[in-house]
>>> print(open('target-v8.txt').read())   # compact mmCIF, C-alpha atoms
# COMPACT_ATOMS: atom_id res chain seq x y z
CA MET A 1 -19.69 -23.76 -18.96
CA GLU A 2 -19.84 -19.99 -19.11
CA TRP A 3 -21.64 -17.20 -17.33
CA ARG A 4 -21.31 -13.47 -16.95
CA ASP A 5 -22.21 -11.45 -13.87
CA GLN A 6 -21.17 -8.47 -11.78
CA GLY A 7 -19.70 -8.82 -8.35
CA ILE A 8 -17.63 -7.56 -5.48
CA LEU A 9 -14.07 -8.81 -5.22
CA LEU A 10 -13.58 -10.45 -1.83
CA ALA A 11 -10.10 -11.89 -1.96
CA VAL A 12 -7.06 -12.36 -4.15
CA ARG A 13 -4.37 -14.98 -3.80
CA ARG A 14 -1.30 -15.39 -5.96
CA HIS A 15 -1.39 -18.50 -8.10
CA GLY A 16 1.93 -19.49 -9.63
CA GLU A 17 4.10 -16.70 -10.98
CA THR A 18 1.67 -14.76 -13.07
CA SER A 19 -1.88 -15.75 -12.19
CA ALA A 20 -4.20 -15.08 -9.27
CA ILE A 21 -7.12 -16.92 -7.73
CA ILE A 22 -9.90 -14.50 -6.91
CA GLU A 23 -13.10 -14.81 -4.93
CA VAL A 24 -16.03 -12.73 -6.14
CA PHE A 25 -19.43 -12.25 -4.52
CA THR A 26 -21.94 -12.08 -7.35
CA GLU A 27 -25.69 -11.67 -7.30
CA ALA A 28 -26.64 -14.79 -9.24
CA HIS A 29 -23.73 -17.11 -8.44
CA GLY A 30 -22.89 -16.18 -4.86
CA ARG A 31 -19.30 -16.46 -3.65
CA HIS A 32 -17.38 -17.89 -6.57
CA ALA A 33 -13.68 -18.51 -7.07
CA GLY A 34 -11.71 -18.69 -10.29
CA VAL A 35 -8.29 -18.14 -11.81
CA VAL A 36 -7.37 -14.86 -13.47
CA ARG A 37 -4.59 -15.44 -15.97
CA GLY A 38 -2.00 -12.69 -15.70
CA GLY A 39 -3.67 -11.52 -12.50
CA THR A 40 -0.40 -10.41 -10.94
CA SER A 41 0.62 -8.30 -13.95
CA ARG A 42 1.10 -4.54 -13.60
CA LYS A 43 -1.97 -4.00 -15.73
CA ILE A 44 -4.40 -6.23 -13.86
CA ALA A 45 -3.09 -6.27 -10.27
CA PRO A 46 -4.33 -2.72 -9.47
CA ILE A 47 -7.82 -3.76 -10.60
CA LEU A 48 -7.83 -6.81 -8.36
CA GLN A 49 -8.04 -5.04 -5.01
CA PRO A 50 -10.61 -6.35 -2.51
CA GLY A 51 -13.84 -4.38 -2.64
CA ALA A 52 -13.61 -3.63 -6.37
CA GLN A 53 -16.80 -3.91 -8.40
CA LEU A 54 -16.07 -6.16 -11.35
CA ASP A 55 -17.80 -7.42 -14.43
CA VAL A 56 -16.71 -11.05 -14.58
CA THR A 57 -17.04 -13.83 -17.11
CA TRP A 58 -16.40 -17.33 -15.79
CA ARG A 59 -15.48 -20.23 -18.05
CA ALA A 60 -14.72 -23.86 -17.31
CA ARG A 61 -14.97 -27.15 -19.15
CA LEU A 62 -16.91 -28.78 -16.32
CA GLU A 63 -19.00 -27.12 -13.63
CA ASP A 64 -16.96 -28.44 -10.73
CA HIS A 65 -13.70 -27.06 -12.16
CA ILE A 66 -12.33 -23.91 -10.58
CA GLY A 67 -12.46 -22.25 -14.02
CA THR A 68 -11.04 -18.96 -15.20
CA PHE A 69 -12.34 -15.45 -14.88
CA THR A 70 -11.92 -12.62 -17.30
CA VAL A 71 -12.50 -9.39 -15.43
CA GLU A 72 -13.46 -5.87 -16.41
CA PRO A 73 -13.24 -3.17 -13.75
CA MET A 74 -16.44 -1.26 -13.03
CA ARG A 75 -15.64 0.66 -9.85
CA SER A 76 -12.46 0.62 -7.80
CA ARG A 77 -13.18 1.30 -4.16
CA ALA A 78 -9.56 1.05 -2.99
CA ALA A 79 -8.73 4.70 -3.54
CA ALA A 80 -11.80 5.81 -1.57
CA VAL A 81 -10.82 3.81 1.48
CA MET A 82 -7.04 3.90 1.61
CA GLY A 83 -6.90 7.30 3.24
CA SER A 84 -9.38 6.42 5.99
CA ARG A 85 -8.61 3.94 8.73
CA LEU A 86 -12.25 3.37 9.51
CA ALA A 87 -13.23 2.81 5.87
CA LEU A 88 -10.33 0.46 5.29
CA ALA A 89 -11.16 -1.51 8.43
CA GLY A 90 -14.81 -1.58 7.35
CA LEU A 91 -13.97 -2.90 3.91
CA ASN A 92 -11.81 -5.61 5.47
CA ALA A 93 -14.62 -6.52 7.86
CA VAL A 94 -17.20 -6.90 5.08
CA THR A 95 -14.98 -8.85 2.67
CA GLY A 96 -13.58 -10.92 5.54
CA LEU A 97 -17.01 -11.87 6.87
CA LEU A 98 -18.42 -12.71 3.43
CA SER A 99 -15.41 -14.83 2.58
CA PHE A 100 -15.67 -16.48 5.97
CA CYS A 101 -19.31 -17.45 6.09
CA LEU A 102 -20.78 -17.66 2.60
CA PRO A 103 -20.84 -21.14 1.12
CA GLU A 104 -19.28 -21.30 -2.32
CA ARG A 105 -21.49 -21.08 -5.40
CA GLU A 106 -24.73 -20.48 -3.51
CA ALA A 107 -26.64 -17.40 -4.60
CA HIS A 108 -27.68 -14.88 -1.94
CA PRO A 109 -29.30 -12.14 -4.03
CA LYS A 110 -30.93 -10.47 -1.02
CA LEU A 111 -27.63 -10.14 0.81
CA TYR A 112 -25.89 -9.04 -2.37
CA GLY A 113 -28.52 -6.35 -2.77
CA LYS A 114 -27.58 -5.00 0.65
CA THR A 115 -23.82 -5.42 0.23
CA GLU A 116 -23.31 -3.44 -2.95
CA PRO A 117 -24.86 -0.18 -1.61
CA LEU A 118 -22.91 -0.65 1.63
CA MET A 119 -19.67 -0.87 -0.33
CA ASP A 120 -20.62 2.22 -2.31
CA LEU A 121 -21.01 4.12 0.98
CA LEU A 122 -17.39 3.38 1.98
CA GLY A 123 -15.49 6.55 2.73
CA GLN A 124 -18.53 8.29 4.22
CA ASP A 125 -17.43 7.68 7.79
CA GLU A 126 -20.45 9.37 9.38
CA LEU A 127 -23.00 7.13 7.65
CA TRP A 128 -21.10 3.92 7.28
CA PRO A 129 -21.10 2.40 10.80
CA LEU A 130 -24.91 2.43 11.01
CA ALA A 131 -25.23 1.01 7.51
CA TYR A 132 -22.71 -1.65 8.46
CA LEU A 133 -24.63 -2.58 11.61
CA ARG A 134 -27.78 -3.04 9.53
CA TRP A 135 -25.80 -5.12 7.09
CA GLU A 136 -24.56 -7.39 9.92
CA LEU A 137 -28.19 -7.92 10.95
CA ALA A 138 -29.01 -8.82 7.33
CA LEU A 139 -26.02 -11.18 7.21
CA LEU A 140 -27.17 -12.97 10.36
CA ASP A 141 -30.66 -13.21 8.91
CA GLU A 142 -29.36 -14.65 5.63
CA MET A 143 -27.25 -17.22 7.46
CA GLY A 144 -30.20 -18.41 9.50
CA PHE A 145 -29.48 -16.59 12.76
CA GLY A 146 -31.78 -13.62 12.25
CA LEU A 147 -32.86 -11.71 15.35
CA ASP A 148 -36.57 -11.57 16.11
CA LEU A 149 -37.07 -8.08 17.50
CA VAL A 150 -40.84 -7.73 17.06
CA ARG A 151 -42.16 -8.79 20.46
CA CYS A 152 -40.91 -9.82 23.88
CA ALA A 153 -40.01 -13.49 24.10
CA VAL A 154 -41.29 -13.61 27.70
CA THR A 155 -44.36 -11.39 27.86
CA GLY A 156 -45.28 -11.01 24.20
CA ALA A 157 -45.29 -7.23 24.59
CA ARG A 158 -44.40 -5.05 21.62
CA GLU A 159 -43.34 -2.05 23.71
CA GLY A 160 -40.40 -1.50 26.07
CA LEU A 161 -38.08 -3.90 24.25
CA VAL A 162 -34.55 -3.25 25.55
CA PHE A 163 -32.73 -6.59 25.51
CA VAL A 164 -31.97 -9.49 23.20
CA SER A 165 -31.78 -13.03 24.48
CA PRO A 166 -28.37 -14.53 23.62
CA LYS A 167 -29.97 -17.96 23.49
CA SER A 168 -32.94 -17.39 21.19
CA GLY A 169 -32.03 -14.11 19.47
CA ARG A 170 -35.47 -12.75 20.44
CA ALA A 171 -36.23 -9.37 21.95
CA VAL A 172 -36.96 -9.13 25.69
CA SER A 173 -38.72 -6.26 27.44
CA ARG A 174 -37.44 -4.74 30.68
CA ALA A 175 -40.39 -6.23 32.53
CA GLY A 176 -39.81 -9.62 30.97
CA ALA A 177 -36.07 -9.63 31.74
CA GLY A 178 -36.51 -9.52 35.51
CA ASP A 179 -33.43 -10.81 37.34
CA TRP A 180 -31.89 -12.03 34.07
CA ALA A 181 -31.31 -8.52 32.75
CA ASP A 182 -27.55 -8.56 33.36
CA GLN A 183 -27.20 -11.72 31.26
CA LEU A 184 -29.02 -10.32 28.24
CA LEU A 185 -27.60 -8.37 25.31
CA PRO A 186 -28.46 -4.72 24.68
CA LEU A 187 -31.17 -3.81 22.19
CA PRO A 188 -30.65 -0.12 21.37
CA PRO A 189 -33.63 1.76 19.86
CA LEU A 190 -31.85 2.10 16.50
CA MET A 191 -32.11 -1.66 16.01
CA LEU A 192 -35.87 -1.20 16.22
CA GLY A 193 -35.69 1.62 13.70
CA GLN A 194 -36.23 4.26 16.38
CA GLY A 195 -34.31 7.37 17.38
CA GLU A 196 -31.40 9.19 15.76
CA ALA A 197 -28.85 6.39 16.01
CA PRO A 198 -26.09 7.99 18.10
CA ASP A 199 -22.67 6.32 18.07
CA GLU A 200 -23.21 4.87 21.57
CA GLU A 201 -26.23 2.93 20.33
CA ILE A 202 -24.35 1.74 17.25
CA ALA A 203 -21.59 0.43 19.56
CA GLN A 204 -24.24 -1.39 21.62
CA GLY A 205 -25.63 -2.84 18.41
CA PHE A 206 -22.15 -4.13 17.49
CA GLU A 207 -21.97 -5.81 20.89
CA THR A 208 -25.19 -7.67 20.18
CA THR A 209 -24.48 -8.63 16.56
CA GLY A 210 -20.90 -9.50 17.54
CA TYR A 211 -22.21 -12.02 20.05
CA PHE A 212 -24.29 -13.81 17.44
CA LEU A 213 -21.54 -13.63 14.83
CA ARG A 214 -19.04 -15.19 17.25
CA HIS A 215 -21.22 -17.69 19.07
CA LYS A 216 -23.70 -18.72 16.41
CA LEU A 217 -22.28 -18.03 12.97
CA ALA A 218 -18.61 -18.77 13.71
CA GLN A 219 -18.93 -21.52 16.30
CA GLU A 220 -22.01 -23.36 15.13
CA LEU A 221 -21.96 -22.85 11.37
CA VAL A 222 -18.37 -22.33 10.23
CA HIS A 223 -16.60 -23.92 13.22
CA LYS A 224 -13.76 -21.40 13.04
CA PRO A 225 -13.04 -18.18 14.93
CA LEU A 226 -14.49 -15.02 13.42
CA PRO A 227 -12.04 -13.01 11.23
CA GLU A 228 -10.18 -10.45 13.33
CA ALA A 229 -10.98 -7.76 10.76
CA ARG A 230 -14.47 -7.34 12.22
CA GLN A 231 -13.15 -6.71 15.74
CA ARG A 232 -10.53 -4.29 14.39
CA PHE A 233 -13.28 -2.25 12.76
CA VAL A 234 -15.39 -2.23 15.94
CA ASP A 235 -12.34 -1.24 18.03
CA LEU A 236 -11.55 1.63 15.67
CA PHE A 237 -15.16 2.80 15.73
CA THR A 238 -15.25 2.65 19.54
CA ARG A 239 -12.01 4.62 19.78
CA ARG A 240 -13.32 7.27 17.41
CA MET A 241 -16.51 7.50 19.47
CA GLN A 242 -14.61 7.88 22.74
CA ARG A 243 -12.47 10.67 21.27
CA GLY A 244 -15.68 12.42 20.24
CA MET B 245 19.93 -42.37 -19.16
CA SER B 246 21.67 -42.75 -15.79
CA SER B 247 24.66 -40.76 -17.11
CA THR B 248 22.47 -37.64 -17.26
CA ARG B 249 20.69 -38.24 -13.97
CA ASP B 250 22.54 -35.48 -12.09
CA ILE B 251 22.03 -33.03 -14.92
CA ASP B 252 18.35 -33.87 -15.06
CA ALA B 253 18.11 -33.33 -11.32
CA LEU B 254 19.82 -29.95 -11.72
CA ILE B 255 17.38 -28.99 -14.50
CA GLU B 256 14.48 -30.04 -12.33
CA MET B 257 15.79 -27.95 -9.45
CA MET B 258 16.45 -24.90 -11.66
CA ALA B 259 12.94 -25.18 -13.10
CA LYS B 260 11.60 -24.45 -9.62
CA LEU B 261 13.19 -20.98 -9.63
CA PRO B 262 10.94 -17.98 -10.29
CA GLY B 263 10.87 -17.03 -13.94
CA LEU B 264 12.14 -20.40 -15.12
CA GLY B 265 10.23 -23.34 -16.50
CA PRO B 266 11.49 -26.75 -17.64
CA ARG B 267 12.58 -25.51 -21.06
CA SER B 268 14.32 -22.38 -19.87
CA ALA B 269 15.95 -24.35 -17.03
CA ARG B 270 17.29 -26.82 -19.60
CA ARG B 271 18.72 -23.93 -21.64
CA ALA B 272 20.29 -22.38 -18.55
CA VAL B 273 21.89 -25.64 -17.43
CA LEU B 274 23.23 -26.31 -20.92
CA HIS B 275 24.72 -22.82 -20.95
CA LEU B 276 26.33 -23.37 -17.54
CA ILE B 277 27.85 -26.66 -18.65
CA ARG B 278 29.27 -25.09 -21.77
CA LYS B 279 30.80 -22.27 -19.70
CA ARG B 280 31.94 -24.56 -16.93
CA ALA B 281 35.04 -22.61 -15.85
CA LEU B 282 33.57 -19.18 -16.39
CA LEU B 283 30.13 -19.71 -14.86
CA LEU B 284 29.34 -23.13 -13.48
CA THR B 285 32.24 -23.59 -11.05
CA PRO B 286 32.19 -20.04 -9.63
CA LEU B 287 28.40 -20.21 -9.36
CA ALA B 288 28.55 -23.53 -7.52
CA ASP B 289 31.20 -22.13 -5.14
CA LEU B 290 29.21 -18.99 -4.49
CA MET B 291 25.99 -20.92 -3.91
CA GLN B 292 27.76 -23.14 -1.43
CA THR B 293 29.16 -20.11 0.40
CA VAL B 294 25.82 -18.28 0.45
CA ALA B 295 24.00 -21.43 1.56
CA ALA B 296 26.34 -21.61 4.53
CA THR B 297 26.36 -17.92 5.46
CA ALA B 298 23.04 -16.30 4.37
CA ARG B 299 20.81 -15.33 7.27
CA GLU B 300 18.28 -12.75 8.35
CA CYS B 301 19.58 -9.68 10.11
CA LEU B 302 18.55 -10.00 13.73
CA ASN B 303 17.77 -6.31 13.86
CA CYS B 304 15.90 -5.44 10.67
CA GLY B 305 15.09 -8.71 8.89
CA ASN B 306 17.23 -7.90 5.83
CA VAL B 307 19.11 -10.78 4.27
CA GLY B 308 22.89 -10.76 4.68
CA THR B 309 25.77 -12.96 5.56
CA SER B 310 26.19 -11.84 9.16
CA ASP B 311 23.89 -11.58 12.17
CA ILE B 312 23.67 -7.80 11.76
CA CYS B 313 23.46 -6.56 8.16
CA ASP B 314 25.73 -3.87 6.71
CA ILE B 315 22.98 -1.24 6.83
CA CYS B 316 22.26 -1.78 10.53
CA ALA B 317 25.97 -1.96 11.32
CA SER B 318 26.75 1.33 9.57
CA GLU B 319 26.80 4.35 11.90
CA LYS B 320 26.21 6.62 8.90
CA ARG B 321 22.75 5.10 8.47
CA ALA B 322 21.71 5.96 12.03
CA ASN B 323 20.13 9.29 11.04
CA GLY B 324 16.91 8.83 13.01
CA GLU B 325 14.87 7.66 10.01
CA LEU B 326 13.46 4.17 9.78
CA CYS B 327 11.84 2.91 6.60
CA VAL B 328 9.35 0.07 7.04
CA VAL B 329 9.01 -2.30 4.08
CA GLU B 330 7.02 -5.46 3.52
CA ASP B 331 9.69 -7.67 2.07
CA VAL B 332 13.45 -7.84 1.46
CA ALA B 333 12.76 -7.29 -2.27
CA ASP B 334 11.20 -3.92 -1.36
CA LEU B 335 14.26 -3.01 0.70
CA TRP B 336 16.49 -3.81 -2.26
CA ALA B 337 14.25 -1.69 -4.51
CA MET B 338 14.63 1.26 -2.12
CA GLU B 339 18.39 0.75 -1.99
CA ARG B 340 18.53 0.65 -5.79
CA ALA B 341 16.98 4.09 -5.88
CA GLY B 342 19.77 5.25 -3.57
CA VAL B 343 17.78 8.12 -2.09
CA PHE B 344 17.10 6.86 1.41
CA LYS B 345 20.00 7.17 3.84
CA GLY B 346 18.45 5.77 7.00
CA ARG B 347 17.82 2.26 8.24
CA TYR B 348 15.13 -0.26 7.34
CA HIS B 349 12.73 -2.60 9.03
CA VAL B 350 11.40 -5.60 7.08
CA LEU B 351 7.98 -6.76 8.29
CA GLY B 352 7.98 -10.08 6.46
CA GLY B 353 4.46 -9.67 5.04
CA THR B 354 1.24 -7.78 5.63
CA LEU B 355 -1.74 -8.26 7.88
CA SER B 356 -4.33 -10.42 6.18
CA ALA B 357 -7.66 -11.38 7.65
CA LEU B 358 -8.15 -14.02 5.00
CA ASP B 359 -4.83 -15.75 5.48
CA ALA B 360 -5.01 -15.28 9.26
CA VAL B 361 -1.82 -13.20 9.39
CA GLY B 362 -1.95 -11.14 12.55
CA PRO B 363 0.45 -8.57 14.05
CA GLU B 364 2.22 -11.26 16.05
CA ASP B 365 3.12 -13.04 12.80
CA LEU B 366 4.95 -9.96 11.53
CA ARG B 367 7.93 -8.10 13.00
CA ILE B 368 5.75 -5.33 14.41
CA PRO B 369 6.65 -5.77 18.13
CA LYS B 370 10.34 -5.58 17.14
CA LEU B 371 9.62 -2.38 15.20
CA VAL B 372 8.04 -0.78 18.27
CA ASP B 373 11.10 -1.76 20.33
CA ARG B 374 13.50 -0.35 17.75
CA VAL B 375 11.77 3.03 17.65
CA THR B 376 12.66 3.54 21.29
CA ALA B 377 15.99 1.76 21.36
CA GLU B 378 17.44 3.52 18.31
CA ASN B 379 16.10 7.02 19.01
CA ILE B 380 14.06 7.07 15.83
CA ALA B 381 12.57 10.46 14.93
CA GLU B 382 10.59 9.42 11.86
CA VAL B 383 9.13 6.12 10.68
CA ILE B 384 8.46 6.04 6.93
CA LEU B 385 5.90 3.43 5.93
CA ALA B 386 6.92 2.25 2.46
CA LEU B 387 4.26 -0.39 2.14
CA ASN B 388 2.50 -1.44 -1.02
CA ALA B 389 -0.52 0.60 -2.12
CA THR B 390 -2.79 -2.41 -1.75
CA ILE B 391 -5.65 -2.99 0.68
CA ASP B 392 -3.49 -5.32 2.80
CA GLY B 393 -0.48 -2.98 2.62
CA GLN B 394 -2.46 0.06 3.73
CA THR B 395 -4.31 -1.90 6.44
CA THR B 396 -0.90 -2.82 7.84
CA ALA B 397 0.29 0.79 7.53
CA HIS B 398 -2.69 2.07 9.53
CA TYR B 399 -2.18 -0.62 12.15
CA ILE B 400 1.48 0.34 12.59
CA ALA B 401 0.60 4.03 12.71
CA ASP B 402 -1.83 3.21 15.54
CA GLN B 403 0.83 1.29 17.43
CA LEU B 404 3.33 4.14 17.13
CA GLU B 405 0.89 6.97 17.71
CA GLY B 406 2.30 9.66 19.95
CA SER B 407 5.78 8.16 20.19
CA VAL B 408 7.25 9.12 16.82
CA LYS B 409 6.46 10.96 13.59
CA VAL B 410 4.93 8.48 11.12
CA THR B 411 4.82 9.22 7.39
CA SER B 412 4.03 7.15 4.32
CA LEU B 413 5.04 7.19 0.68
CA ALA B 414 2.94 9.34 -1.65
CA GLN B 415 0.57 7.70 -4.10
CA GLY B 416 -0.12 8.94 -7.60
CA VAL B 417 1.13 9.20 -11.15
CA PRO B 418 4.38 7.29 -11.73
CA ILE B 419 7.31 8.93 -13.53
CA GLY B 420 6.70 8.46 -17.25
CA GLY B 421 3.09 7.52 -16.60
CA GLU B 422 0.33 8.64 -18.94
CA LEU B 423 -3.03 9.52 -17.41
CA ASP B 424 -4.86 7.67 -20.15
CA TYR B 425 -3.37 4.38 -18.99
CA LEU B 426 -3.86 4.87 -15.25
CA ASP B 427 -6.61 3.09 -13.32
CA ASP B 428 -9.25 5.32 -11.75
CA GLY B 429 -8.00 4.53 -8.22
CA THR B 430 -4.54 5.90 -8.97
CA ILE B 431 -5.97 9.00 -10.64
CA SER B 432 -8.21 9.57 -7.64
CA ALA B 433 -5.29 9.17 -5.19
CA ALA B 434 -3.13 11.49 -7.30
CA LEU B 435 -5.84 14.14 -7.38
CA LYS B 436 -6.30 13.97 -3.61
CA ALA B 437 -2.55 14.35 -3.08
CA ARG B 438 -2.14 17.28 -5.54
CA ARG B 439 0.22 20.07 -4.57
CA ASP B 440 1.15 23.62 -5.53
CA VAL B 441 3.45 23.99 -8.53
>>> encode(input="target-v8.txt", output="structure tokens")
Amino acid sequence: MEWRDQGILLAVRRHGETSAIIEVFTEAHGRHAGVVRGGTSRKIAPILQPGAQLDVTWRARLEDHIGTFTVEPMRSRAAAVMGSRLALAGLNAVTGLLSFCLPEREAHPKLYGKTEPLMDLLGQDELWPLAYLRWELALLDEMGFGLDLVRCAVTGAREGLVFVSPKSGRAVSRAGAGDWADQLLPLPPLMLGQGEAPDEEIAQGFETTGYFLRHKLAQELVHKPLPEARQRFVDLFTRRMQRG
Amino acid sequence: MSSTRDIDALIEMMAKLPGLGPRSARRAVLHLIRKRALLLTPLADLMQTVAATARECLNCGNVGTSDICDICASEKRANGELCVVEDVADLWAMERAGVFKGRYHVLGGTLSALDAVGPEDLRIPKLVDRVTAENIAEVILALNATIDGQTTAHYIADQLEGSVKVTSLAQGVPIGGELDYLDDGTISAALKARRDV
């Protein structure tokens, strides 16, 4: 068995004294693990930093074997993020979430297509949080918990949508919310593709996506608590916003 | 066969050590047996002693043979500087260089979302306590230049914000390093951290 693809390095674990087991998110093969011989060496270890864009070749005798990777670096993103708390937290959130929720060896080309540009934006702290929020929406969609924000779940109206139902993930208008408004999640205009996306609205968006990530994706699909890296990123973003 | 059972068991045990495999362990054991008086007996005595006395320093996490290690016990090392390292091996590397004259704090790992290592699993609360208790003026974060290492560094910097000066080791071209052989991340970090000559 052999294939070659490009992918984003999600995780590295030491394997024995000299090797490493890596997890790569590739376009055609999804989240895929494999052994890198000599992966802890001085030559290869700097390449194997989470977030790196790699050209990988996977080989195994049988398909269900873990197999070995040979890796060629394409872009290292570590240097771009190490100086920035927000970027570093963002990178950890993305790699942590992908590692957490993607099933192994199942291709998600659409999600991959949104992840690679997001990773390339790392380090641009003004643009990244909004791009990340959109990516979380895409992740929920890909995992089967996509939000339906087109019309009000109660009235069917397409205007005045300001809430999201935590139960159905559908938009709710102010008129449709009635007395239930305080139990609904916020739906800031930026999630409808409107307005200039101020930080306050992005934070509201994180509140809404965070609910579905925790209560739907983590509890119902993966049955484990969400990686803390996501909350650390949101906390850092909120702190930055509060400081102005 | 039974006459070599103990030796086989020793070889098996030695083969579990880092850097040794079954063949090299066999060679090492054979060498020890041949140099019984010179190596084997003193080594066995020392191992027994260390097994009985080795422990983690209650203050910094260094490994020593008393509750408080020599570095923490030395008044000369109380210069207001505290160097935070990931592992005891890193502390030993810093000591080998012989340039740092302050005290250390060993975290015992790094934060890792994937392996579910959180701040409470590391010695971060103890670090925060020490900064106040030992009148620390500067905390030097000597953590690895990896994603996990730097995530931990930023987390600690957040925890200590406003209470003490926090610095970190520089990143860039190593001594004797040739640009041609450096990865692009290191070159980029070195360029960002350039200074006047």
>>> interface_residues(input="target-v8.txt", of="chain A", to="chain B", cutoff="9 Å", atoms="only C-alpha atoms", output="MDAnalysis selection string")
chainID A and resid 11 17 43 46:47 49:51 75:85 88:89 91:93 95:96 99:100 227:229
>>> write_last_selection(input="target-v8.txt", atoms="C-alpha atoms", output="mmCIF file, in the coordinates of the input")
data_model
loop_
_atom_site.group_PDB
_atom_site.id
_atom_site.type_symbol
_atom_site.label_atom_id
_atom_site.label_comp_id
_atom_site.auth_asym_id
_atom_site.auth_seq_id
_atom_site.Cartn_x
_atom_site.Cartn_y
_atom_site.Cartn_z
ATOM 1 C CA ALA A 11 -10.100 -11.890 -1.960
ATOM 2 C CA GLU A 17 4.100 -16.700 -10.980
ATOM 3 C CA LYS A 43 -1.970 -4.000 -15.730
ATOM 4 C CA PRO A 46 -4.330 -2.720 -9.470
ATOM 5 C CA ILE A 47 -7.820 -3.760 -10.600
ATOM 6 C CA GLN A 49 -8.040 -5.040 -5.010
ATOM 7 C CA PRO A 50 -10.610 -6.350 -2.510
ATOM 8 C CA GLY A 51 -13.840 -4.380 -2.640
ATOM 9 C CA ARG A 75 -15.640 0.660 -9.850
ATOM 10 C CA SER A 76 -12.460 0.620 -7.800
ATOM 11 C CA ARG A 77 -13.180 1.300 -4.160
ATOM 12 C CA ALA A 78 -9.560 1.050 -2.990
ATOM 13 C CA ALA A 79 -8.730 4.700 -3.540
ATOM 14 C CA ALA A 80 -11.800 5.810 -1.570
ATOM 15 C CA VAL A 81 -10.820 3.810 1.480
ATOM 16 C CA MET A 82 -7.040 3.900 1.610
ATOM 17 C CA GLY A 83 -6.900 7.300 3.240
ATOM 18 C CA SER A 84 -9.380 6.420 5.990
ATOM 19 C CA ARG A 85 -8.610 3.940 8.730
ATOM 20 C CA LEU A 88 -10.330 0.460 5.290
ATOM 21 C CA ALA A 89 -11.160 -1.510 8.430
ATOM 22 C CA LEU A 91 -13.970 -2.900 3.910
ATOM 23 C CA ASN A 92 -11.810 -5.610 5.470
ATOM 24 C CA ALA A 93 -14.620 -6.520 7.860
ATOM 25 C CA THR A 95 -14.980 -8.850 2.670
ATOM 26 C CA GLY A 96 -13.580 -10.920 5.540
ATOM 27 C CA SER A 99 -15.410 -14.830 2.580
ATOM 28 C CA PHE A 100 -15.670 -16.480 5.970
ATOM 29 C CA PRO A 227 -12.040 -13.010 11.230
ATOM 30 C CA GLU A 228 -10.180 -10.450 13.330
ATOM 31 C CA ALA A 229 -10.980 -7.760 10.760
#
>>> residues_around(input="target-v8.txt", residues="Leu102 of chain A", least_positions_apart="4", cutoff="9 Å", atoms="all atoms listed in the file", output="ChimeraX atom specification")
/A:30-31,97-98,106,108,143
>>> residues_around(input="target-v8.txt", residues="His65 of chain A", least_positions_apart="4", cutoff="9 Å", atoms="only C-alpha atoms", output="list of chain:residue names")
A:Gly34, A:Ala60, A:Arg61
>>> residues_near_point(input="target-v8.txt", point="(22.6, 1.2, 12.3)", cutoff="10 Å", atoms="only C-alpha atoms", output="ChimeraX atom specification")
/B:303-304,312-324,326,346-348,378
>>> atom_distance(input="target-v8.txt", atom1="atom CA of Glu63 of chain A", atom2="atom CA of Leu48 of chain A")
23.8 Å
>>> residues_around(input="target-v8.txt", residues="Glu27 of chain A", least_positions_apart="5", cutoff="7 Å", atoms="all atoms listed in the file", output="number ranges by chain")
A: 7, 107-109, 112
>>> residues_around(input="target-v8.txt", residues="segment 194-209 of chain A", least_positions_apart="3", cutoff="10 Å", atoms="all atoms listed in the file", output="VMD selection string")
chain A and resid 126 129 to 134 136 to 137 139 to 140 146 to 147 163 to 166 169 184 to 191 212 to 215 230 to 231 234 to 235 237 to 238 240 to 242 244
>>> atom_distance(input="target-v8.txt", atom1="atom CA of Arg42 of chain A", atom2="atom CA of Ala259 of chain B")
23.8 Å
>>> residues_around(input="target-v8.txt", residues="Ile8 of chain A", least_positions_apart="3", cutoff="7 Å", atoms="only C-alpha atoms", output="PDB file with C-alpha atoms, in the frame of the given file")
ATOM      1  CA  VAL A  24     -16.030 -12.730  -6.140  1.00  0.00           C
ATOM      2  CA  PHE A  25     -19.430 -12.250  -4.520  1.00  0.00           C
ATOM      3  CA  THR A  26     -21.940 -12.080  -7.350  1.00  0.00           C
ATOM      4  CA  GLY A  51     -13.840  -4.380  -2.640  1.00  0.00           C
ATOM      5  CA  ALA A  52     -13.610  -3.630  -6.370  1.00  0.00           C
ATOM      6  CA  GLN A  53     -16.800  -3.910  -8.400  1.00  0.00           C
ATOM      7  CA  LEU A  54     -16.070  -6.160 -11.350  1.00  0.00           C
TER       8      LEU A  54
END
>>> atom_distance(input="target-v8.txt", atom1="atom CA of Ala20 of chain A", atom2="atom CA of Asp55 of chain A")
16.4 Å
>>> residues_near_point(input="target-v8.txt", point="(2.8, 14.6, -3.4)", cutoff="8 Å", atoms="all atoms listed in the file", output="list in words")
Ala414, Gln415, Gly416, Ala434, Ala437, Arg438 and Arg439 of chain B
>>> closest_residue(input="target-v8.txt", among="A:Leu236, A:Leu86, A:Ile22, A:Ala28", to="Gly113 of chain A", atoms="only C-alpha atoms")
A:Ala28
